[in-house]
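What follows is the content of work-v6.cif (mmCIF, C-alpha atoms).
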```
data_query
#
loop_
_atom_site.label_atom_id
_atom_site.label_comp_id
_atom_site.auth_asym_id
_atom_site.auth_seq_id
_atom_site.Cartn_x
_atom_site.Cartn_y
_atom_site.Cartn_z
CA MET A 30 0.00 0.00 0.00
CA LYS A 31 1.03 3.56 -0.56
CA LYS A 32 -0.30 6.71 0.99
CA VAL A 33 -1.49 9.44 -1.33
CA ARG A 34 -2.11 13.09 -0.51
CA VAL A 35 -3.99 15.30 -2.96
CA LEU A 36 -3.86 19.03 -2.46
CA ILE A 37 -6.68 20.83 -4.27
CA ARG A 38 -7.07 24.55 -4.81
CA PRO A 39 -9.41 26.69 -6.91
CA LYS A 40 -8.08 27.18 -10.41
CA LYS A 41 -6.07 30.35 -10.89
CA GLY A 42 -8.17 33.21 -12.24
CA LEU A 43 -11.45 31.85 -10.86
CA LEU A 44 -13.10 33.87 -8.13
CA ASP A 45 -12.67 32.08 -4.80
CA PRO A 46 -15.26 33.65 -2.47
CA GLN A 47 -14.08 31.59 0.50
CA GLY A 48 -10.52 32.81 0.08
CA ARG A 49 -11.79 36.35 -0.33
CA ALA A 50 -13.77 36.15 2.92
CA VAL A 51 -10.74 34.86 4.84
CA GLN A 52 -8.58 37.56 3.27
CA GLU A 53 -11.04 40.26 4.33
CA MET A 54 -10.99 38.94 7.89
CA LEU A 55 -7.19 39.03 7.96
CA ARG A 56 -7.10 42.54 6.57
CA GLU A 57 -9.68 43.72 9.10
CA ARG A 58 -7.29 42.40 11.76
CA GLY A 59 -4.65 44.71 10.31
CA LEU A 60 -2.67 42.02 8.47
CA LYS A 61 -1.61 42.80 4.92
CA ALA A 62 -2.55 39.38 3.57
CA LYS A 63 -3.14 38.93 -0.15
CA ASN A 64 -3.90 36.16 -2.64
CA VAL A 65 -5.66 34.06 0.00
CA THR A 66 -7.23 30.88 -1.36
CA VAL A 67 -9.04 28.06 0.41
CA GLY A 68 -8.70 24.56 -0.97
CA LYS A 69 -8.96 21.03 0.34
CA LEU A 70 -6.87 18.04 1.21
CA VAL A 71 -7.79 14.45 0.31
CA GLU A 72 -5.70 11.58 1.65
CA PHE A 73 -6.06 7.88 1.04
CA GLU A 74 -4.16 4.62 0.97
CA ILE A 75 -4.20 2.43 -2.11
CA GLU A 76 -2.46 -0.51 -3.77
CA GLU A 77 1.07 0.18 -4.90
CA GLU A 78 0.42 -0.49 -8.62
CA GLN A 79 -2.56 1.85 -8.96
CA ASP A 80 -2.10 4.76 -11.39
CA VAL A 81 -2.82 7.58 -8.98
CA LYS A 82 -2.95 10.47 -11.47
CA SER A 83 -5.73 8.96 -13.57
CA LEU A 84 -7.65 7.92 -10.46
CA VAL A 85 -7.45 11.44 -9.04
CA GLU A 86 -8.51 13.06 -12.31
CA ARG A 87 -11.39 10.68 -12.75
CA TYR A 88 -12.77 10.51 -9.22
CA ILE A 89 -11.41 13.29 -7.03
CA VAL A 90 -10.85 16.58 -8.85
CA ASN A 91 -12.70 18.60 -11.46
CA PRO A 92 -9.89 19.90 -13.70
CA LEU A 93 -12.15 22.57 -15.20
CA ILE A 94 -12.28 24.46 -11.90
CA GLU A 95 -9.55 22.99 -9.72
CA GLU A 96 -5.77 22.65 -9.69
CA TYR A 97 -4.13 19.85 -7.78
CA GLU A 98 -0.85 18.42 -6.60
CA ILE A 99 -0.30 14.75 -5.82
CA GLU A 100 2.12 13.62 -3.19
CA GLU A 101 2.87 9.90 -2.87
CA ILE A 102 4.20 8.89 0.52
CA LEU A 103 5.82 5.45 0.52
CA MET B 30 -45.26 9.84 -20.97
CA LYS B 31 -43.22 7.93 -18.47
CA PHE B 32 -40.97 9.93 -16.12
CA ALA B 33 -38.20 8.73 -13.84
CA VAL B 34 -37.28 10.83 -10.80
CA CYS B 35 -33.77 9.92 -9.62
CA VAL B 36 -33.22 9.64 -5.88
CA PHE B 37 -29.77 9.90 -4.32
CA PRO B 38 -29.04 9.99 -0.60
CA GLY B 39 -29.69 13.65 0.20
CA SER B 40 -32.04 14.46 -2.69
CA ASN B 41 -34.84 16.54 -1.21
CA CYS B 42 -36.95 17.83 -4.10
CA ASP B 43 -37.74 14.32 -5.31
CA TYR B 44 -41.25 14.23 -3.82
CA ASP B 45 -42.15 17.74 -5.03
CA THR B 46 -41.11 16.77 -8.55
CA TYR B 47 -42.94 13.45 -8.34
CA TYR B 48 -46.07 15.22 -7.09
CA VAL B 49 -46.09 17.76 -9.95
CA ILE B 50 -45.62 15.05 -12.58
CA ARG B 51 -48.26 12.74 -11.12
CA ASP B 52 -50.89 15.14 -9.77
CA VAL B 53 -50.52 18.28 -11.84
CA LEU B 54 -49.39 16.87 -15.20
CA GLU B 55 -51.17 13.52 -14.69
CA GLN B 56 -48.30 11.56 -16.19
CA GLU B 57 -46.78 8.24 -15.21
CA VAL B 58 -43.82 8.60 -12.83
CA SER B 59 -41.53 6.38 -10.74
CA PHE B 60 -38.68 6.94 -8.32
CA VAL B 61 -35.39 5.33 -9.33
CA HIS B 62 -32.76 4.91 -6.63
CA HIS B 63 -29.02 5.55 -6.79
CA GLU B 64 -28.00 1.89 -6.90
CA GLU B 65 -30.23 1.02 -9.84
CA LYS B 66 -28.77 0.57 -13.30
CA ASP B 67 -31.74 0.39 -15.62
CA LEU B 68 -33.67 3.31 -17.11
CA SER B 69 -35.18 1.47 -20.03
CA GLY B 70 -38.85 2.17 -20.59
CA PHE B 71 -38.65 5.78 -19.45
CA ASP B 72 -39.16 8.76 -21.77
CA VAL B 73 -37.82 11.49 -19.48
CA VAL B 74 -35.36 11.29 -16.60
CA ILE B 75 -35.37 14.05 -13.96
CA LEU B 76 -32.50 14.66 -11.57
CA PRO B 77 -34.15 16.64 -8.75
CA GLY B 78 -32.70 19.20 -6.37
CA GLY B 79 -31.25 18.61 -2.96
CA PHE B 80 -27.87 17.95 -1.38
CA SER B 81 -26.86 14.55 -2.70
CA TYR B 82 -24.16 13.05 -0.48
CA GLY B 83 -24.20 16.23 1.59
CA ASP B 84 -22.47 18.12 -1.25
CA TYR B 85 -19.25 16.40 -0.08
CA LEU B 86 -16.18 16.85 -2.29
CA ARG B 87 -18.16 19.15 -4.63
CA PRO B 88 -21.94 19.43 -5.16
CA GLY B 89 -22.97 16.55 -7.39
CA ALA B 90 -19.49 14.96 -7.45
CA LEU B 91 -20.29 11.79 -5.53
CA ALA B 92 -23.73 11.29 -7.10
CA SER B 93 -22.11 11.48 -10.54
CA LYS B 94 -20.12 8.31 -9.75
CA THR B 95 -23.11 6.11 -8.83
CA PRO B 96 -24.53 3.23 -10.92
CA LEU B 97 -27.65 5.34 -11.53
CA ALA B 98 -25.56 8.23 -12.89
CA GLU B 99 -23.92 5.80 -15.29
CA ALA B 100 -27.38 4.70 -16.41
CA VAL B 101 -28.39 8.36 -16.89
CA TYR B 102 -25.27 8.82 -19.03
CA ASP B 103 -26.21 5.86 -21.26
CA PHE B 104 -29.84 7.00 -21.42
CA ALA B 105 -28.69 10.44 -22.63
CA GLN B 106 -26.23 8.98 -25.14
CA LYS B 107 -29.14 7.11 -26.70
CA GLY B 108 -31.05 10.39 -27.08
CA GLY B 109 -33.27 10.16 -23.99
CA ILE B 110 -34.45 13.43 -22.46
CA VAL B 111 -32.76 14.37 -19.19
CA LEU B 112 -33.52 17.41 -17.01
CA GLY B 113 -31.37 18.28 -14.00
CA ILE B 114 -32.77 20.84 -11.57
CA CYS B 115 -30.43 22.60 -9.12
CA ASN B 116 -28.39 19.76 -7.57
CA GLY B 117 -29.43 17.73 -10.63
CA PHE B 118 -27.76 20.36 -12.82
CA GLN B 119 -24.61 20.10 -10.69
CA ILE B 120 -24.66 16.31 -11.11
CA LEU B 121 -24.99 16.61 -14.91
CA THR B 122 -21.95 18.91 -15.19
CA GLU B 123 -19.91 16.60 -12.94
CA LEU B 124 -21.05 13.69 -15.07
CA GLY B 125 -19.85 15.43 -18.22
CA LEU B 126 -23.29 15.47 -19.85
CA LEU B 127 -23.39 19.27 -19.74
CA PRO B 128 -20.54 21.72 -20.27
CA GLY B 129 -19.17 23.93 -17.51
CA ALA B 130 -19.33 23.73 -13.74
CA LEU B 131 -21.27 25.28 -10.85
CA LEU B 132 -19.18 27.16 -8.31
CA PRO B 133 -20.06 28.60 -4.89
CA ASN B 134 -22.21 31.75 -5.13
CA GLU B 135 -20.23 34.93 -5.50
CA ASN B 136 -21.48 36.33 -2.17
CA MET B 137 -20.97 33.00 -0.32
CA ARG B 138 -24.60 33.05 0.80
CA PHE B 139 -27.33 30.53 0.32
CA VAL B 140 -29.75 32.25 -2.06
CA CYS B 141 -33.40 31.29 -1.61
CA LYS B 142 -35.85 33.53 -3.45
CA GLU B 143 -37.96 33.99 -6.52
CA VAL B 144 -35.99 35.17 -9.55
CA ARG B 145 -36.98 36.32 -13.00
CA LEU B 146 -35.73 34.30 -15.95
CA LYS B 147 -35.66 35.23 -19.58
CA VAL B 148 -36.23 32.55 -22.21
CA GLU B 149 -33.21 32.66 -24.53
CA ASN B 150 -33.99 29.69 -26.73
CA PRO B 151 -37.66 28.82 -27.26
CA ASN B 152 -36.88 25.99 -29.68
CA THR B 153 -36.07 23.29 -27.15
CA ARG B 154 -37.82 20.34 -25.55
CA ILE B 155 -38.43 22.34 -22.36
CA THR B 156 -39.28 25.75 -23.83
CA LYS B 157 -41.27 25.12 -26.98
CA LYS B 158 -44.47 26.41 -25.39
CA LEU B 159 -42.71 29.70 -24.57
CA GLU B 160 -41.64 32.74 -26.59
CA LYS B 161 -38.15 34.15 -26.95
CA GLY B 162 -37.62 36.82 -24.31
CA GLU B 163 -40.61 35.71 -22.25
CA VAL B 164 -40.05 36.32 -18.54
CA LEU B 165 -40.77 33.61 -15.95
CA ARG B 166 -40.93 33.90 -12.18
CA ILE B 167 -39.37 30.78 -10.67
CA PRO B 168 -37.60 30.30 -7.31
CA VAL B 169 -33.96 29.41 -6.76
CA ALA B 170 -32.49 27.84 -3.60
CA HIS B 171 -28.79 27.10 -3.76
CA HIS B 172 -25.33 27.77 -2.40
CA GLY B 173 -23.37 26.69 -5.46
CA GLY B 174 -25.15 28.06 -8.49
CA ARG B 175 -22.49 30.24 -10.10
CA TYR B 176 -22.31 28.79 -13.60
CA TYR B 177 -18.86 28.86 -15.15
CA VAL B 178 -17.51 27.96 -18.57
CA PRO B 179 -14.22 29.14 -20.06
CA GLU B 180 -14.61 32.02 -22.53
CA GLY B 181 -14.12 29.96 -25.71
CA GLU B 182 -16.71 27.44 -24.57
CA LEU B 183 -19.15 30.25 -23.72
CA LYS B 184 -18.94 31.53 -27.28
CA LYS B 185 -19.76 28.06 -28.57
CA LEU B 186 -22.77 27.80 -26.25
CA GLU B 187 -24.04 31.12 -27.64
CA GLU B 188 -23.51 30.08 -31.25
CA ASN B 189 -25.23 26.72 -30.78
CA GLY B 190 -28.22 28.18 -28.93
CA GLN B 191 -27.34 26.09 -25.88
CA ILE B 192 -28.16 28.89 -23.42
CA VAL B 193 -31.80 28.21 -22.56
CA PHE B 194 -32.45 30.68 -19.70
CA ARG B 195 -30.77 33.82 -18.39
CA TYR B 196 -31.36 35.58 -15.07
CA ILE B 197 -32.70 39.11 -15.27
CA ASP B 198 -31.18 39.84 -11.86
CA ASN B 199 -28.27 37.45 -11.52
CA PRO B 200 -28.42 36.05 -7.94
CA ASN B 201 -25.12 34.15 -7.82
CA GLY B 202 -22.53 35.63 -10.20
CA SER B 203 -23.08 33.16 -13.06
CA VAL B 204 -21.09 33.96 -16.18
CA SER B 205 -23.20 35.83 -18.74
CA ASP B 206 -26.23 35.58 -16.36
CA ILE B 207 -26.75 31.95 -17.36
CA ALA B 208 -29.51 30.12 -15.44
CA GLY B 209 -30.02 27.09 -17.67
CA VAL B 210 -28.22 25.31 -20.52
CA MET B 211 -28.58 22.28 -22.73
CA ASN B 212 -26.15 19.98 -24.50
CA LYS B 213 -25.36 20.43 -28.17
CA GLU B 214 -27.69 17.60 -29.18
CA GLY B 215 -30.62 19.26 -27.34
CA ASN B 216 -31.70 16.32 -25.16
CA VAL B 217 -29.96 17.11 -21.85
CA PHE B 218 -30.96 20.18 -19.81
CA GLY B 219 -29.73 21.74 -16.60
CA MET B 220 -31.13 24.70 -14.68
CA MET B 221 -30.65 26.12 -11.19
CA PRO B 222 -34.23 27.47 -10.71
CA HIS B 223 -36.91 25.04 -9.54
CA PRO B 224 -39.86 24.79 -11.97
CA GLU B 225 -41.48 22.16 -9.71
CA ARG B 226 -41.84 24.87 -7.05
CA ALA B 227 -43.72 27.13 -9.44
CA SER B 228 -46.29 24.78 -10.93
CA GLU B 229 -49.48 25.74 -9.09
CA ASP B 230 -51.04 29.08 -8.16
CA ILE B 231 -50.96 28.17 -4.48
CA MET B 232 -47.13 28.24 -4.73
CA GLY B 233 -47.15 31.91 -5.77
CA SER B 234 -46.32 31.27 -9.42
CA HIS B 235 -47.29 28.72 -12.03
CA ASP B 236 -44.66 29.86 -14.54
CA GLY B 237 -42.80 26.56 -14.25
CA LEU B 238 -45.78 24.75 -15.75
CA MET B 239 -44.90 25.74 -19.30
CA LEU B 240 -41.62 23.84 -19.03
CA TRP B 241 -43.49 20.69 -18.05
CA TYR B 242 -46.12 21.20 -20.74
CA SER B 243 -43.33 21.66 -23.29
CA LEU B 244 -41.78 18.39 -22.13
CA ILE B 245 -44.96 16.38 -22.51
CA SER B 246 -46.10 17.89 -25.80
CA ASP B 247 -45.14 16.15 -29.05
#
```
Can the structure from this file be put into structure tokens for me?
Amino acid sequence: MKKVRVLIRPKKGLLDPQGRAVQEMLRERGLKAKNVTVGKLVEFEIEEEQDVKSLVERYIVNPLIEEYEIEEIL
Amino acid sequence: MKFAVCVFPGSNCDYDTYYVIRDVLEQEVSFVHHEEKDLSGFDVVILPGGFSYGDYLRPGALASKTPLAEAVYDFAQKGGIVLGICNGFQILTELGLLPGALLPNENMRFVCKEVRLKVENPNTRITKKLEKGEVLRIPVAHHGGRYYVPEGELKKLEENGQIVFRYIDNPNGSVSDIAGVMNKEGNVFGMMPHPERASEDIMGSHDGLMLWYSLISD
């Protein structure tokens, strides 16, 4: 088995209202934060031989609106 | 005409839709559950609103991977008529039967109110009893209704007449005010507003009726 971590964030250029709300909160606290985005993390364990990239693209992410990074932890 | 109303865990407009088809339209209708694989014998398949699988991962994402979603895909490929309302629309985009995606509302709020829609294309299976530019009052109730397609794709939708409805007062930040679209072949439809909630006078509007009458007319 291998452990897989998928980091998902809203695609660049798309409005991310959640990120915007967090950014506004930070700025109201006097912090000069910018480019805040909110994404998600999906982790799972799977058989060694599984092609993770195609699995992630087919079942986990929507490439039209999301960007992702895959980390395989042996 | 024989209608199927798809039921996923978390669907919550299934009974309203069923009621309108059976009691208002007086058509044959059955519920079909998420584990079922057979839609043969049906003329129209409706994917109702709700929060299938709690909107986990993305709205419609998990429902689009069920055996029933696969059956809906095959049904549509064979030319069957499919209408997704609200969460049903989200499922159809996740399933790849309709272009684009539905993102969280621009203002991050759940929007639940009556909106005005303009008929953009009256030559479809759900609008043929309507006129171009006709205005309908139909409610919306969603958190993730901001329709998005990349610019190039949007142009194609325009050219092909795939934009069926536009909002007059855009409630969610949808690109080009889009409220409802269809596929290029004209047999798969998705819309965020709920016509089943505007099908009797007692509901405050019966403007949704014309969509149903269009569907059942030859």
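Near region 97-103 of chain A, within 9 Å and counting only C-alpha atoms, sit Met30, Lys31, Lys32, Val33, Arg34, Val35, Leu36, Ile37, Arg38, Pro39, Lys40, Glu77, Val81, Lys82, Val85, Val90 and Pro92 of chain A; same-chain residues fewer than 3 positions away were not included.
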List every protein, DNA or RNA residue that has at least one atom no more than 12 Å from (-26.4, 34.7, -15.1) in the file's coordinates, counting all atoms listed in the file, and write the result as a PDB file with C-alpha atoms, in the coordinates of the input.
```pdb
ATOM      1  CA  LEU B 131     -21.270  25.280 -10.850  1.00  0.00           C
ATOM      2  CA  ASN B 134     -22.210  31.750  -5.130  1.00  0.00           C
ATOM      3  CA  GLU B 135     -20.230  34.930  -5.500  1.00  0.00           C
ATOM      4  CA  VAL B 144     -35.990  35.170  -9.550  1.00  0.00           C
ATOM      5  CA  ARG B 145     -36.980  36.320 -13.000  1.00  0.00           C
ATOM      6  CA  LEU B 146     -35.730  34.300 -15.950  1.00  0.00           C
ATOM      7  CA  LYS B 147     -35.660  35.230 -19.580  1.00  0.00           C
ATOM      8  CA  GLU B 149     -33.210  32.660 -24.530  1.00  0.00           C
ATOM      9  CA  GLY B 174     -25.150  28.060  -8.490  1.00  0.00           C
ATOM     10  CA  ARG B 175     -22.490  30.240 -10.100  1.00  0.00           C
ATOM     11  CA  TYR B 176     -22.310  28.790 -13.600  1.00  0.00           C
ATOM     12  CA  TYR B 177     -18.860  28.860 -15.150  1.00  0.00           C
ATOM     13  CA  VAL B 178     -17.510  27.960 -18.570  1.00  0.00           C
ATOM     14  CA  ILE B 192     -28.160  28.890 -23.420  1.00  0.00           C
ATOM     15  CA  VAL B 193     -31.800  28.210 -22.560  1.00  0.00           C
ATOM     16  CA  PHE B 194     -32.450  30.680 -19.700  1.00  0.00           C
ATOM     17  CA  ARG B 195     -30.770  33.820 -18.390  1.00  0.00           C
ATOM     18  CA  TYR B 196     -31.360  35.580 -15.070  1.00  0.00           C
ATOM     19  CA  ILE B 197     -32.700  39.110 -15.270  1.00  0.00           C
ATOM     20  CA  ASP B 198     -31.180  39.840 -11.860  1.00  0.00           C
ATOM     21  CA  ASN B 199     -28.270  37.450 -11.520  1.00  0.00           C
ATOM     22  CA  PRO B 200     -28.420  36.050  -7.940  1.00  0.00           C
ATOM     23  CA  ASN B 201     -25.120  34.150  -7.820  1.00  0.00           C
ATOM     24  CA  GLY B 202     -22.530  35.630 -10.200  1.00  0.00           C
ATOM     25  CA  SER B 203     -23.080  33.160 -13.060  1.00  0.00           C
ATOM     26  CA  VAL B 204     -21.090  33.960 -16.180  1.00  0.00           C
ATOM     27  CA  SER B 205     -23.200  35.830 -18.740  1.00  0.00           C
ATOM     28  CA  ASP B 206     -26.230  35.580 -16.360  1.00  0.00           C
ATOM     29  CA  ILE B 207     -26.750  31.950 -17.360  1.00  0.00           C
ATOM     30  CA  ALA B 208     -29.510  30.120 -15.440  1.00  0.00           C
ATOM     31  CA  GLY B 209     -30.020  27.090 -17.670  1.00  0.00           C
ATOM     32  CA  VAL B 210     -28.220  25.310 -20.520  1.00  0.00           C
ATOM     33  CA  MET B 220     -31.130  24.700 -14.680  1.00  0.00           C
ATOM     34  CA  MET B 221     -30.650  26.120 -11.190  1.00  0.00           C
ATOM     35  CA  PRO B 222     -34.230  27.470 -10.710  1.00  0.00           C
TER      36      PRO B 222
END
```
Proximity of chain B to chain A: per-residue shortest pair, 9 Å limit, all atoms listed in the file, as a Markdown table:
```
| residue | atom | partner | partner_atom | distance |
| --- | --- | --- | --- | --- |
| B:Leu86 | CA | A:Ile89 | CA | 7.6 |
| B:Arg87 | CA | A:Asn91 | CA | 8.8 |
| B:Ala90 | CA | A:Tyr88 | CA | 8.3 |
| B:Leu91 | CA | A:Tyr88 | CA | 8.5 |
| B:Lys94 | CA | A:Tyr88 | CA | 7.7 |
| B:Glu123 | CA | A:Asn91 | CA | 7.6 |
| B:Gly129 | CA | A:Leu93 | CA | 7.5 |
| B:Ala130 | CA | A:Ile94 | CA | 7.3 |
| B:Leu132 | CA | A:Ile94 | CA | 8.2 |
| B:Pro133 | CA | A:Pro46 | CA | 7.4 |
| B:Asn134 | CA | A:Pro46 | CA | 7.7 |
| B:Glu135 | CA | A:Pro46 | CA | 6.0 |
| B:Asn136 | CA | A:Pro46 | CA | 6.8 |
| B:Met137 | CA | A:Pro46 | CA | 6.1 |
| B:Tyr177 | CA | A:Ile94 | CA | 8.6 |
| B:Val178 | CA | A:Leu93 | CA | 8.3 |
| B:Pro179 | CA | A:Leu93 | CA | 8.4 |
```
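Using only C-alpha atoms, the residues found no farther than 10 Å from Val111 (chain B), other than those of its own chain fewer than 4 positions away, are Phe32, Ala33, Asp72, Val73, Val74, Ile75, Leu76, Val101, Tyr102, Phe104, Ala105, Gly117, Leu121, Leu126, Met211, Gly215, Asn216, Val217, Phe218 and Gly219 of chain B.
Each of B:Ser81, B:Leu240, B:Ala170, B:Leu124 was compared to Asn152 (chain B) using all atoms listed in the file, and B:Leu240 turns out to be the nearest.
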> Separation of CA of Pro224 (chain B) and CA of Lys184 (chain B), in Å?
Replying inline: 26.8 Å
> Quick one, how far is CA of Thr156 (chain B) from CA of Val58 (chain B)?
Replying inline: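 These two atoms are separated by 20.9 Å.
If only C-alpha atoms are the atoms counted, then among A:Arg56, A:Ser83, A:Thr66, A:Glu78 the closest residue to Gly42 (chain A) is A:Thr66.
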>> I'd like the interatomic distance between CA of Lys213 (chain B) and CA of Cys42 (chain B), to a tenth of an Å.
In response: 26.8 Å
>> Would you pick out the contacts of region 59-64 of chain A at 9 Å or less, using all atoms listed in the file, so that residues sharing its chain but fewer than 6 positions from it are not included, and give the list as a PyMOL selection string?
In response: chain A and resi 48-49+52-53
>> Under the rule that all atoms listed in the file are counted, which of B:Val53, B:Leu183, B:His171, B:Ile114 is the nearest residue to Val34 (chain B)?
In response: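 Of all the options, B:Ile114 lies closest to Val34 (chain B).
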> Which polymer residues have any atom within 7 Å of an atom of Gly79 (chain B), counting all atoms listed in the file, with same-chain residues fewer than 2 positions away left out, as a ChimeraX atom specification?
Replying inline: /B:39-42,77,81,116
Assuming the input is short of atoms at region 81-101 of chain A, produce N, CA and C atoms for that part as a PDB file, in the coordinates of the input.
```pdb
ATOM      1  N   VAL A  81      -2.166   6.601  -9.853  1.00  0.00           N
ATOM      2  CA  VAL A  81      -2.820   7.580  -8.980  1.00  0.00           C
ATOM      3  C   VAL A  81      -3.341   8.787  -9.765  1.00  0.00           C
ATOM      4  N   LYS A  82      -2.560   9.257 -10.741  1.00  0.00           N
ATOM      5  CA  LYS A  82      -2.950  10.470 -11.470  1.00  0.00           C
ATOM      6  C   LYS A  82      -4.301  10.277 -12.165  1.00  0.00           C
ATOM      7  N   SER A  83      -4.467   9.146 -12.848  1.00  0.00           N
ATOM      8  CA  SER A  83      -5.730   8.960 -13.570  1.00  0.00           C
ATOM      9  C   SER A  83      -6.885   8.758 -12.595  1.00  0.00           C
ATOM     10  N   LEU A  84      -6.602   8.095 -11.480  1.00  0.00           N
ATOM     11  CA  LEU A  84      -7.650   7.920 -10.460  1.00  0.00           C
ATOM     12  C   LEU A  84      -8.101   9.275  -9.907  1.00  0.00           C
ATOM     13  N   VAL A  85      -7.120  10.123  -9.612  1.00  0.00           N
ATOM     14  CA  VAL A  85      -7.450  11.440  -9.040  1.00  0.00           C
ATOM     15  C   VAL A  85      -8.243  12.272 -10.041  1.00  0.00           C
ATOM     16  N   GLU A  86      -7.810  12.251 -11.294  1.00  0.00           N
ATOM     17  CA  GLU A  86      -8.510  13.060 -12.310  1.00  0.00           C
ATOM     18  C   GLU A  86      -9.910  12.540 -12.566  1.00  0.00           C
ATOM     19  N   ARG A  87     -10.077  11.235 -12.456  1.00  0.00           N
ATOM     20  CA  ARG A  87     -11.390  10.680 -12.750  1.00  0.00           C
ATOM     21  C   ARG A  87     -12.368  10.806 -11.580  1.00  0.00           C
ATOM     22  N   TYR A  88     -11.849  10.604 -10.353  1.00  0.00           N
ATOM     23  CA  TYR A  88     -12.770  10.510  -9.220  1.00  0.00           C
ATOM     24  C   TYR A  88     -12.695  11.646  -8.201  1.00  0.00           C
ATOM     25  N   ILE A  89     -11.584  12.346  -8.140  1.00  0.00           N
ATOM     26  CA  ILE A  89     -11.410  13.290  -7.030  1.00  0.00           C
ATOM     27  C   ILE A  89     -11.521  14.757  -7.441  1.00  0.00           C
ATOM     28  N   VAL A  90     -10.860  15.151  -8.515  1.00  0.00           N
ATOM     29  CA  VAL A  90     -10.850  16.580  -8.850  1.00  0.00           C
ATOM     30  C   VAL A  90     -11.698  16.871 -10.093  1.00  0.00           C
ATOM     31  N   ASN A  91     -12.061  18.132 -10.240  1.00  0.00           N
ATOM     32  CA  ASN A  91     -12.700  18.600 -11.460  1.00  0.00           C
ATOM     33  C   ASN A  91     -11.720  19.575 -12.125  1.00  0.00           C
ATOM     34  N   PRO A  92     -10.971  19.093 -13.126  1.00  0.00           N
ATOM     35  CA  PRO A  92      -9.890  19.900 -13.700  1.00  0.00           C
ATOM     36  C   PRO A  92     -10.350  21.201 -14.346  1.00  0.00           C
ATOM     37  N   LEU A  93     -11.642  21.323 -14.612  1.00  0.00           N
ATOM     38  CA  LEU A  93     -12.150  22.570 -15.200  1.00  0.00           C
ATOM     39  C   LEU A  93     -12.064  23.725 -14.189  1.00  0.00           C
ATOM     40  N   ILE A  94     -12.224  23.407 -12.917  1.00  0.00           N
ATOM     41  CA  ILE A  94     -12.280  24.460 -11.900  1.00  0.00           C
ATOM     42  C   ILE A  94     -11.255  24.311 -10.782  1.00  0.00           C
ATOM     43  N   GLU A  95     -10.493  23.217 -10.816  1.00  0.00           N
ATOM     44  CA  GLU A  95      -9.550  22.990  -9.720  1.00  0.00           C
ATOM     45  C   GLU A  95      -8.151  22.659 -10.235  1.00  0.00           C
ATOM     46  N   GLU A  96      -7.148  23.065  -9.446  1.00  0.00           N
ATOM     47  CA  GLU A  96      -5.770  22.650  -9.690  1.00  0.00           C
ATOM     48  C   GLU A  96      -5.382  21.702  -8.569  1.00  0.00           C
ATOM     49  N   TYR A  97      -4.485  20.799  -8.843  1.00  0.00           N
ATOM     50  CA  TYR A  97      -4.130  19.850  -7.780  1.00  0.00           C
ATOM     51  C   TYR A  97      -2.664  19.457  -7.844  1.00  0.00           C
ATOM     52  N   GLU A  98      -2.196  18.988  -6.697  1.00  0.00           N
ATOM     53  CA  GLU A  98      -0.850  18.420  -6.600  1.00  0.00           C
ATOM     54  C   GLU A  98      -0.980  17.073  -5.920  1.00  0.00           C
ATOM     55  N   ILE A  99      -0.254  16.077  -6.440  1.00  0.00           N
ATOM     56  CA  ILE A  99      -0.300  14.750  -5.820  1.00  0.00           C
ATOM     57  C   ILE A  99       1.038  14.484  -5.143  1.00  0.00           C
ATOM     58  N   GLU A 100       0.927  13.984  -3.927  1.00  0.00           N
ATOM     59  CA  GLU A 100       2.120  13.620  -3.190  1.00  0.00           C
ATOM     60  C   GLU A 100       1.980  12.132  -2.849  1.00  0.00           C
ATOM     61  N   GLU A 101       2.939  11.320  -3.228  1.00  0.00           N
ATOM     62  CA  GLU A 101       2.870   9.900  -2.870  1.00  0.00           C
ATOM     63  C   GLU A 101       3.853   9.632  -1.753  1.00  0.00           C
TER      64      GLU A 101
END
```
